[in-house]
Structure formats: C-alpha cells, structure tokens
Amino acid sequence: MKIATFNINGIKARINALLDWLDEAQPDVALLQEIKSVDENFPRELFEERGYNVETHGQKSFNGVAILSKLPLEDVTRGLPGDDSDEQARWIEATVVGKQAIRLCGLYLPNGNPTPGPKYDYKLAWMERLHARAAALMASEEVALMAGDYNIIPQDEDAARPEAWQKDALALPESRAAFRRIVNLGFTEAFRARNPSPGQYSFWDYQAGSWQRDDGIRIDHLLLTPQAADLLLDCQIDKDIRGREKPSDHVPVWVELDL
DNA sequence: ATGCCGCTCCTCGAGCGA
C-alpha cells in the first residue's frame, strides 16, 4: 500500500498538477494539506471518478486537510483533540483496511512565525496536543501513521542553508525539541530511516529562485508506529514534481507499506 | 533589514505562508 503526503497549496490552483501526479504515482492513499477550500467547494468528483474515496476537513481561504483513498475510509474524525476553541482545520483521521487495518492521521502543523509571539505560542501548544494524540496512538499498539506538513526542519542536514533558519519557527531548538519528543515516543520517521544522506528536501520557496538553486528544506514527514514501521518497504520524495508547471511549493513524500 | 513569489478573497490590496 502506497501512502503519500502532499501539501498542495490550494486545491483550486493545483487541481491539474495534482490529478497528473495521482494518475502517474497511483498512491492508494493521499493525505493532502492546505486545500484552502471549504468542504462544499472541494472538487471531489474529479477524484471519485478516478476511484478515490474522499474525506475533507476544510475551512475558508486557509489551511484545510483531506484524505483520498482507493479503499473505503472508515471511522473518520476531524480536528486535533485537546482544544475545542481551535477553529483551524489542520487534522483528519481515518482507517483503511488492506491486508490489515491502518489508522491514518493527516496533519498540517502551524508555521509559527514570527517568533516570539502568539503564532509561535499556538504552534507549541498544537504540538503539545499532537504529543498527547501520538502517545495515545502509541499506547494503542495500532498499525498507524501521522503524516503531513510538520513545518519542522528536524536537523541542520535537512536544510540547504541551515544558518538561514536558525531563528525561524521551523528550526528553533524549542521547535525541534517538541518534534523529537513526539518521535521519541517510539515513532519511526520514515524518510530518515531509509535515506541517511543530507540534502533531500520537500519544500522550495517560490521566491529568490530557491528551486533553481536547490535551496530547500525537508519539512513534510511520515511518522510510523512500531507496528507500521515493521511493514515499511520504501520511502521516497517525488522531487521532480516541483519543476513542473504551476507547482506547489511542496512535493509529495510517500511510503510503501506491506499491507 | 526587507522583499522576493504565489494563493486567497465580499478581489485590484492585504493577510498568510515558510
């Protein structure tokens, strides 16, 4: 089963690029972030006619996450637990059943800039809630993964110019520590587990010719519970997508699991 | 130090992103 995460930066602007990638890459599941659409305006028919089931958790203009799956999506829940007053659409969960069941969590973690400030406070608070959900997932001993745009550069080797990110919410020690604390519950960060070399990125800014200069960062991650990590066959970044027409600033990252 | 670029919307300028 091939499961991908992809921050598409707007479903309306990305529909052609997204459909082309789906037709080629043929993921069984795609966890999407930044759909920037309300549920009613998400073009679900375009995916359904390609054999995907569609579940969305959208909001107007900003954020928004979705799951596309060739297998039925069961037990869908929306919103990260822990703060009923949080109205930002950044979390969706569902179960699909292949050879065995897997719980899928799609997430769009807050950017957090500028620091310090309320947006950074929100990021850290959101990560505290994520830690709680992650701990519960770990305790359940399920085959599960949490994948999406984490807005975290885990280590200096995950940025072309780490010095440029030193004081950024994506790389501050407190951000990295919060991410490590979640991984250290026992998760396997799939890409790093299979690809030790530095210089591999999932985001290149639209500005200042970042793509042309390969000035990227790796911020889109798939975290696997031990039960899922045991099934890990492969993990890759579809880098070439970034060089196409009207690309997102992120590219897909995917795992192949033996289920 | 700032903006670069791109997306969105009660759209022609501003908020947001990373």
# chains A, B, ... in the order shown; residues from 1 in each chain; ligands from 1
>>> residues_around(residues="stretch 26-30 of chain A", least_positions_apart="5", cutoff="6 Å", atoms="only C-alpha atoms (C1' of nucleotides)", output="JSON, numbers by chain")
{"A": [2, 3, 4, 5, 67, 68, 69, 70]}
>>> interface_residues(of="chain B", to="chain A", cutoff="10 Å", atoms="only C-alpha atoms (C1' of nucleotides)", output="VMD selection string")
chain B and resid 3 to 9 16 to 18
>>> write_last_selection(atoms="N, CA and C atoms (P, O5', C5', C4', C3', O3' and C1' of nucleotides)", output="PDB file, in the first residue's frame")
ATOM      1  P    DG B   3       9.085  44.326   3.432  1.00  0.00           P
ATOM      2  O5'  DG B   3       9.414  43.787   1.979  1.00  0.00           O
ATOM      3  C5'  DG B   3       9.970  44.671   1.013  1.00  0.00           C
ATOM      4  C4'  DG B   3      10.356  43.871  -0.197  1.00  0.00           C
ATOM      5  C3'  DG B   3       9.288  42.859  -0.631  1.00  0.00           C
ATOM      6  O3'  DG B   3       9.161  42.922  -2.030  1.00  0.00           O
ATOM      7  C1'  DG B   3      11.324  41.732  -0.222  1.00  0.00           C
ATOM      8  P    DC B   4       8.018  42.053  -2.746  1.00  0.00           P
ATOM      9  O5'  DC B   4       8.871  40.930  -3.478  1.00  0.00           O
ATOM     10  C5'  DC B   4       9.904  41.307  -4.385  1.00  0.00           C
ATOM     11  C4'  DC B   4      10.765  40.103  -4.652  1.00  0.00           C
ATOM     12  C3'  DC B   4       9.980  38.863  -5.095  1.00  0.00           C
ATOM     13  O3'  DC B   4      10.532  38.365  -6.289  1.00  0.00           O
ATOM     14  C1'  DC B   4      11.496  38.326  -3.359  1.00  0.00           C
ATOM     15  P    DC B   5       9.523  38.062  -7.471  1.00  0.00           P
ATOM     16  O5'  DC B   5       8.726  36.791  -6.969  1.00  0.00           O
ATOM     17  C5'  DC B   5       9.350  35.530  -6.948  1.00  0.00           C
ATOM     18  C4'  DC B   5       8.310  34.502  -6.592  1.00  0.00           C
ATOM     19  C3'  DC B   5       7.033  34.568  -7.433  1.00  0.00           C
ATOM     20  O3'  DC B   5       6.754  33.243  -7.848  1.00  0.00           O
ATOM     21  C1'  DC B   5       6.501  34.675  -5.125  1.00  0.00           C
ATOM     22  P    DG B   6       5.676  32.937  -8.967  1.00  0.00           P
ATOM     23  O5'  DG B   6       4.413  32.521  -8.105  1.00  0.00           O
ATOM     24  C5'  DG B   6       4.489  31.347  -7.325  1.00  0.00           C
ATOM     25  C4'  DG B   6       3.281  31.273  -6.420  1.00  0.00           C
ATOM     26  C3'  DG B   6       1.938  31.520  -7.103  1.00  0.00           C
ATOM     27  O3'  DG B   6       1.160  30.362  -6.882  1.00  0.00           O
ATOM     28  C1'  DG B   6       2.083  32.685  -5.061  1.00  0.00           C
ATOM     29  P    DC B   7      -0.254  30.143  -7.590  1.00  0.00           P
ATOM     30  O5'  DC B   7      -1.260  30.234  -6.362  1.00  0.00           O
ATOM     31  C5'  DC B   7      -1.181  29.275  -5.312  1.00  0.00           C
ATOM     32  C4'  DC B   7      -2.106  29.742  -4.201  1.00  0.00           C
ATOM     33  C3'  DC B   7      -3.478  30.144  -4.718  1.00  0.00           C
ATOM     34  O3'  DC B   7      -4.486  29.293  -4.174  1.00  0.00           O
ATOM     35  C1'  DC B   7      -2.580  31.771  -3.209  1.00  0.00           C
ATOM     36  P    DT B   8      -5.985  29.427  -4.685  1.00  0.00           P
ATOM     37  O5'  DT B   8      -6.636  30.422  -3.627  1.00  0.00           O
ATOM     38  C5'  DT B   8      -6.753  30.045  -2.253  1.00  0.00           C
ATOM     39  C4'  DT B   8      -7.270  31.231  -1.471  1.00  0.00           C
ATOM     40  C3'  DT B   8      -8.531  31.834  -2.072  1.00  0.00           C
ATOM     41  O3'  DT B   8      -9.658  31.461  -1.302  1.00  0.00           O
ATOM     42  C1'  DT B   8      -6.952  33.519  -1.434  1.00  0.00           C
ATOM     43  P    DC B   9     -11.100  31.647  -1.921  1.00  0.00           P
ATOM     44  O5'  DC B   9     -11.463  33.130  -1.439  1.00  0.00           O
ATOM     45  C5'  DC B   9     -11.509  33.449  -0.046  1.00  0.00           C
ATOM     46  C4'  DC B   9     -11.701  34.948   0.122  1.00  0.00           C
ATOM     47  C3'  DC B   9     -12.914  35.524  -0.625  1.00  0.00           C
ATOM     48  O3'  DC B   9     -13.556  36.483   0.197  1.00  0.00           O
ATOM     49  C1'  DC B   9     -10.979  36.665  -1.268  1.00  0.00           C
ATOM     50  P    DC B  16      -3.044  37.262   9.011  1.00  0.00           P
ATOM     51  O5'  DC B  16      -2.364  36.113   8.180  1.00  0.00           O
ATOM     52  C5'  DC B  16      -3.178  35.120   7.569  1.00  0.00           C
ATOM     53  C4'  DC B  16      -2.327  34.287   6.674  1.00  0.00           C
ATOM     54  C3'  DC B  16      -1.036  33.779   7.334  1.00  0.00           C
ATOM     55  O3'  DC B  16      -1.215  32.411   7.663  1.00  0.00           O
ATOM     56  C1'  DC B  16      -0.742  34.447   5.039  1.00  0.00           C
ATOM     57  P    DG B  17      -0.099  31.594   8.486  1.00  0.00           P
ATOM     58  O5'  DG B  17       0.790  30.974   7.334  1.00  0.00           O
ATOM     59  C5'  DG B  17       0.180  30.168   6.335  1.00  0.00           C
ATOM     60  C4'  DG B  17       1.143  29.971   5.196  1.00  0.00           C
ATOM     61  C3'  DG B  17       2.506  29.419   5.612  1.00  0.00           C
ATOM     62  O3'  DG B  17       2.830  28.360   4.753  1.00  0.00           O
ATOM     63  C1'  DG B  17       2.777  31.244   4.193  1.00  0.00           C
ATOM     64  P    DA B  18       3.345  26.933   5.410  1.00  0.00           P
ATOM     65  O5'  DA B  18       4.911  27.148   5.201  1.00  0.00           O
ATOM     66  C5'  DA B  18       5.464  27.018   3.918  1.00  0.00           C
ATOM     67  C4'  DA B  18       6.900  27.463   3.934  1.00  0.00           C
ATOM     68  C3'  DA B  18       7.741  26.875   5.059  1.00  0.00           C
ATOM     69  O3'  DA B  18       9.022  26.552   4.534  1.00  0.00           O
ATOM     70  C1'  DA B  18       7.908  29.209   5.125  1.00  0.00           C
TER      71       DA B  18
END
>>> closest_residue(among="A:Arg213, A:Lys123, A:Lys167, A:Arg103", to="A:Ala144", atoms="only C-alpha atoms")
A:Arg103
>>> atom_distance(atom1="atom CA of A:Phe42", atom2="atom CA of A:Ala89")
14.1 Å
>>> atom_distance(atom1="atom CA of A:Met138", atom2="atom CA of A:Asp258")
19.5 Å
>>> residues_around(residues="stretch 224-238 of chain A", least_positions_apart="4", cutoff="10 Å", atoms="only C-alpha atoms (C1' of nucleotides)", output="ChimeraX atom specification")
/A:1-6,21,25,102-104,134,137-147,183,185-195,200-202,218,220,242,250-259
>>> atom_distance(atom1="atom CA of A:Ala135", atom2="atom CA of A:Glu34")
25.3 Å
>>> select_by_dssp(residues="stretch 28-254 of chain A", states="helix (DSSP H, G or I)", output="ChimeraX atom specification")
/A:39-41,44-48,118-140,156-158,162-165,173-183,190-194,207-209,226-229,239-243
>>> select_by_dssp(residues="stretch 25-110 of chain A", states="strand (DSSP E or B)", output="NGL selection string")
:A and (29-33 or 53-57 or 65-69 or 74-78 or 91-97 or 101-108)
>>> decode(residues="stretch 169-205 of chain A", atoms="N, CA, C and O atoms", output="PDB file, in the first residue's frame")
ATOM      1  N   ALA A 169      10.792  29.706  13.224  1.00  0.00           N
ATOM      2  CA  ALA A 169       9.928  28.780  13.973  1.00  0.00           C
ATOM      3  C   ALA A 169      10.062  27.340  13.486  1.00  0.00           C
ATOM      4  O   ALA A 169       9.734  26.402  14.214  1.00  0.00           O
ATOM      5  N   LEU A 170      10.536  27.138  12.258  1.00  0.00           N
ATOM      6  CA  LEU A 170      10.675  25.784  11.714  1.00  0.00           C
ATOM      7  C   LEU A 170      11.897  25.045  12.252  1.00  0.00           C
ATOM      8  O   LEU A 170      11.982  23.824  12.131  1.00  0.00           O
ATOM      9  N   ALA A 171      12.833  25.809  12.841  1.00  0.00           N
ATOM     10  CA  ALA A 171      14.106  25.185  13.222  1.00  0.00           C
ATOM     11  C   ALA A 171      14.594  25.566  14.624  1.00  0.00           C
ATOM     12  O   ALA A 171      15.619  25.051  15.056  1.00  0.00           O
ATOM     13  N   LEU A 172      13.885  26.438  15.305  1.00  0.00           N
ATOM     14  CA  LEU A 172      14.323  26.831  16.643  1.00  0.00           C
ATOM     15  C   LEU A 172      14.485  25.589  17.537  1.00  0.00           C
ATOM     16  O   LEU A 172      13.746  24.614  17.387  1.00  0.00           O
ATOM     17  N   PRO A 173      15.441  25.621  18.444  1.00  0.00           N
ATOM     18  CA  PRO A 173      15.649  24.468  19.332  1.00  0.00           C
ATOM     19  C   PRO A 173      14.366  23.992  20.015  1.00  0.00           C
ATOM     20  O   PRO A 173      14.149  22.786  20.146  1.00  0.00           O
ATOM     21  N   GLU A 174      13.535  24.940  20.431  1.00  0.00           N
ATOM     22  CA  GLU A 174      12.286  24.552  21.107  1.00  0.00           C
ATOM     23  C   GLU A 174      11.336  23.798  20.162  1.00  0.00           C
ATOM     24  O   GLU A 174      10.630  22.874  20.569  1.00  0.00           O
ATOM     25  N   SER A 175      11.324  24.203  18.873  1.00  0.00           N
ATOM     26  CA  SER A 175      10.506  23.508  17.876  1.00  0.00           C
ATOM     27  C   SER A 175      11.038  22.103  17.644  1.00  0.00           C
ATOM     28  O   SER A 175      10.283  21.121  17.626  1.00  0.00           O
ATOM     29  N   ARG A 176      12.337  22.011  17.454  1.00  0.00           N
ATOM     30  CA  ARG A 176      12.957  20.705  17.194  1.00  0.00           C
ATOM     31  C   ARG A 176      12.791  19.778  18.395  1.00  0.00           C
ATOM     32  O   ARG A 176      12.556  18.583  18.237  1.00  0.00           O
ATOM     33  N   ALA A 177      12.894  20.333  19.584  1.00  0.00           N
ATOM     34  CA  ALA A 177      12.737  19.513  20.795  1.00  0.00           C
ATOM     35  C   ALA A 177      11.317  18.958  20.888  1.00  0.00           C
ATOM     36  O   ALA A 177      11.111  17.792  21.250  1.00  0.00           O
ATOM     37  N   ALA A 178      10.330  19.793  20.531  1.00  0.00           N
ATOM     38  CA  ALA A 178       8.937  19.343  20.583  1.00  0.00           C
ATOM     39  C   ALA A 178       8.707  18.213  19.581  1.00  0.00           C
ATOM     40  O   ALA A 178       7.992  17.247  19.862  1.00  0.00           O
ATOM     41  N   PHE A 179       9.319  18.340  18.406  1.00  0.00           N
ATOM     42  CA  PHE A 179       9.209  17.288  17.384  1.00  0.00           C
ATOM     43  C   PHE A 179       9.899  16.007  17.855  1.00  0.00           C
ATOM     44  O   PHE A 179       9.349  14.908  17.754  1.00  0.00           O
ATOM     45  N   ARG A 180      11.108  16.155  18.394  1.00  0.00           N
ATOM     46  CA  ARG A 180      11.864  14.988  18.882  1.00  0.00           C
ATOM     47  C   ARG A 180      11.116  14.268  19.995  1.00  0.00           C
ATOM     48  O   ARG A 180      11.119  13.041  20.077  1.00  0.00           O
ATOM     49  N   ARG A 181      10.460  15.062  20.821  1.00  0.00           N
ATOM     50  CA  ARG A 181       9.730  14.478  21.942  1.00  0.00           C
ATOM     51  C   ARG A 181       8.603  13.580  21.425  1.00  0.00           C
ATOM     52  O   ARG A 181       8.280  12.559  22.035  1.00  0.00           O
ATOM     53  N   ILE A 182       7.996  13.963  20.327  1.00  0.00           N
ATOM     54  CA  ILE A 182       6.949  13.127  19.723  1.00  0.00           C
ATOM     55  C   ILE A 182       7.574  11.889  19.082  1.00  0.00           C
ATOM     56  O   ILE A 182       7.150  10.760  19.349  1.00  0.00           O
ATOM     57  N   VAL A 183       8.613  12.085  18.267  1.00  0.00           N
ATOM     58  CA  VAL A 183       9.275  10.938  17.627  1.00  0.00           C
ATOM     59  C   VAL A 183       9.762   9.949  18.682  1.00  0.00           C
ATOM     60  O   VAL A 183       9.629   8.730  18.531  1.00  0.00           O
ATOM     61  N   ASN A 184      10.291  10.483  19.781  1.00  0.00           N
ATOM     62  CA  ASN A 184      10.880   9.646  20.819  1.00  0.00           C
ATOM     63  C   ASN A 184       9.865   8.825  21.614  1.00  0.00           C
ATOM     64  O   ASN A 184      10.246   7.997  22.441  1.00  0.00           O
ATOM     65  N   LEU A 185       8.576   9.055  21.354  1.00  0.00           N
ATOM     66  CA  LEU A 185       7.574   8.152  21.925  1.00  0.00           C
ATOM     67  C   LEU A 185       7.740   6.749  21.333  1.00  0.00           C
ATOM     68  O   LEU A 185       7.212   5.776  21.881  1.00  0.00           O
ATOM     69  N   GLY A 186       8.455   6.674  20.221  1.00  0.00           N
ATOM     70  CA  GLY A 186       8.695   5.368  19.599  1.00  0.00           C
ATOM     71  C   GLY A 186       8.398   5.325  18.114  1.00  0.00           C
ATOM     72  O   GLY A 186       8.397   4.260  17.502  1.00  0.00           O
ATOM     73  N   PHE A 187       8.156   6.511  17.527  1.00  0.00           N
ATOM     74  CA  PHE A 187       7.843   6.573  16.099  1.00  0.00           C
ATOM     75  C   PHE A 187       9.100   6.449  15.240  1.00  0.00           C
ATOM     76  O   PHE A 187      10.197   6.822  15.667  1.00  0.00           O
ATOM     77  N   THR A 188       8.914   5.945  14.047  1.00  0.00           N
ATOM     78  CA  THR A 188       9.961   5.928  13.035  1.00  0.00           C
ATOM     79  C   THR A 188       9.668   7.020  12.021  1.00  0.00           C
ATOM     80  O   THR A 188       8.583   7.042  11.426  1.00  0.00           O
ATOM     81  N   GLU A 189      10.619   7.936  11.871  1.00  0.00           N
ATOM     82  CA  GLU A 189      10.494   8.973  10.835  1.00  0.00           C
ATOM     83  C   GLU A 189      10.943   8.305   9.533  1.00  0.00           C
ATOM     84  O   GLU A 189      12.126   8.054   9.315  1.00  0.00           O
ATOM     85  N   ALA A 190       9.956   7.982   8.694  1.00  0.00           N
ATOM     86  CA  ALA A 190      10.171   7.014   7.620  1.00  0.00           C
ATOM     87  C   ALA A 190      11.272   7.423   6.644  1.00  0.00           C
ATOM     88  O   ALA A 190      12.130   6.616   6.298  1.00  0.00           O
ATOM     89  N   PHE A 191      11.265   8.674   6.227  1.00  0.00           N
ATOM     90  CA  PHE A 191      12.251   9.059   5.217  1.00  0.00           C
ATOM     91  C   PHE A 191      13.669   8.935   5.764  1.00  0.00           C
ATOM     92  O   PHE A 191      14.545   8.353   5.125  1.00  0.00           O
ATOM     93  N   ARG A 192      13.899   9.445   6.951  1.00  0.00           N
ATOM     94  CA  ARG A 192      15.242   9.403   7.523  1.00  0.00           C
ATOM     95  C   ARG A 192      15.678   7.976   7.842  1.00  0.00           C
ATOM     96  O   ARG A 192      16.851   7.637   7.754  1.00  0.00           O
ATOM     97  N   ALA A 193      14.713   7.150   8.162  1.00  0.00           N
ATOM     98  CA  ALA A 193      15.052   5.757   8.467  1.00  0.00           C
ATOM     99  C   ALA A 193      15.604   5.031   7.244  1.00  0.00           C
ATOM    100  O   ALA A 193      16.406   4.114   7.365  1.00  0.00           O
ATOM    101  N   ARG A 194      15.205   5.460   6.063  1.00  0.00           N
ATOM    102  CA  ARG A 194      15.620   4.758   4.852  1.00  0.00           C
ATOM    103  C   ARG A 194      16.592   5.546   3.989  1.00  0.00           C
ATOM    104  O   ARG A 194      17.145   5.003   3.022  1.00  0.00           O
ATOM    105  N   ASN A 195      16.787   6.825   4.301  1.00  0.00           N
ATOM    106  CA  ASN A 195      17.651   7.664   3.458  1.00  0.00           C
ATOM    107  C   ASN A 195      18.582   8.500   4.333  1.00  0.00           C
ATOM    108  O   ASN A 195      18.225   9.590   4.766  1.00  0.00           O
ATOM    109  N   PRO A 196      19.786   8.013   4.593  1.00  0.00           N
ATOM    110  CA  PRO A 196      20.685   8.700   5.528  1.00  0.00           C
ATOM    111  C   PRO A 196      21.344   9.961   4.973  1.00  0.00           C
ATOM    112  O   PRO A 196      21.813  10.783   5.760  1.00  0.00           O
ATOM    113  N   SER A 197      21.324  10.155   3.671  1.00  0.00           N
ATOM    114  CA  SER A 197      22.110  11.259   3.114  1.00  0.00           C
ATOM    115  C   SER A 197      21.423  12.609   3.282  1.00  0.00           C
ATOM    116  O   SER A 197      20.196  12.705   3.231  1.00  0.00           O
ATOM    117  N   PRO A 198      22.222  13.662   3.509  1.00  0.00           N
ATOM    118  CA  PRO A 198      21.664  15.009   3.649  1.00  0.00           C
ATOM    119  C   PRO A 198      21.259  15.567   2.274  1.00  0.00           C
ATOM    120  O   PRO A 198      21.440  14.908   1.257  1.00  0.00           O
ATOM    121  N   GLY A 199      20.725  16.783   2.291  1.00  0.00           N
ATOM    122  CA  GLY A 199      20.429  17.457   1.019  1.00  0.00           C
ATOM    123  C   GLY A 199      19.191  16.951   0.311  1.00  0.00           C
ATOM    124  O   GLY A 199      19.085  17.047  -0.900  1.00  0.00           O
ATOM    125  N   GLN A 200      18.242  16.406   1.046  1.00  0.00           N
ATOM    126  CA  GLN A 200      16.997  15.920   0.423  1.00  0.00           C
ATOM    127  C   GLN A 200      15.836  16.698   1.019  1.00  0.00           C
ATOM    128  O   GLN A 200      15.627  16.679   2.228  1.00  0.00           O
ATOM    129  N   TYR A 201      15.095  17.363   0.156  1.00  0.00           N
ATOM    130  CA  TYR A 201      14.123  18.353   0.605  1.00  0.00           C
ATOM    131  C   TYR A 201      12.721  18.045   0.100  1.00  0.00           C
ATOM    132  O   TYR A 201      12.543  17.308  -0.868  1.00  0.00           O
ATOM    133  N   SER A 202      11.738  18.680   0.758  1.00  0.00           N
ATOM    134  CA  SER A 202      10.345  18.514   0.333  1.00  0.00           C
ATOM    135  C   SER A 202       9.672  19.855   0.068  1.00  0.00           C
ATOM    136  O   SER A 202       8.512  19.895  -0.318  1.00  0.00           O
ATOM    137  N   PHE A 203      10.406  20.936   0.291  1.00  0.00           N
ATOM    138  CA  PHE A 203       9.862  22.298   0.081  1.00  0.00           C
ATOM    139  C   PHE A 203      10.950  23.214  -0.472  1.00  0.00           C
ATOM    140  O   PHE A 203      12.091  23.208   0.015  1.00  0.00           O
ATOM    141  N   TRP A 204      10.570  23.965  -1.484  1.00  0.00           N
ATOM    142  CA  TRP A 204      11.435  25.025  -2.012  1.00  0.00           C
ATOM    143  C   TRP A 204      10.559  26.262  -2.173  1.00  0.00           C
ATOM    144  O   TRP A 204       9.529  26.227  -2.845  1.00  0.00           O
ATOM    145  N   ASP A 205      10.976  27.374  -1.566  1.00  0.00           N
ATOM    146  CA  ASP A 205      10.217  28.621  -1.636  1.00  0.00           C
ATOM    147  C   ASP A 205      10.033  29.053  -3.093  1.00  0.00           C
ATOM    148  O   ASP A 205      10.871  28.778  -3.941  1.00  0.00           O
TER     149      ASP A 205
END
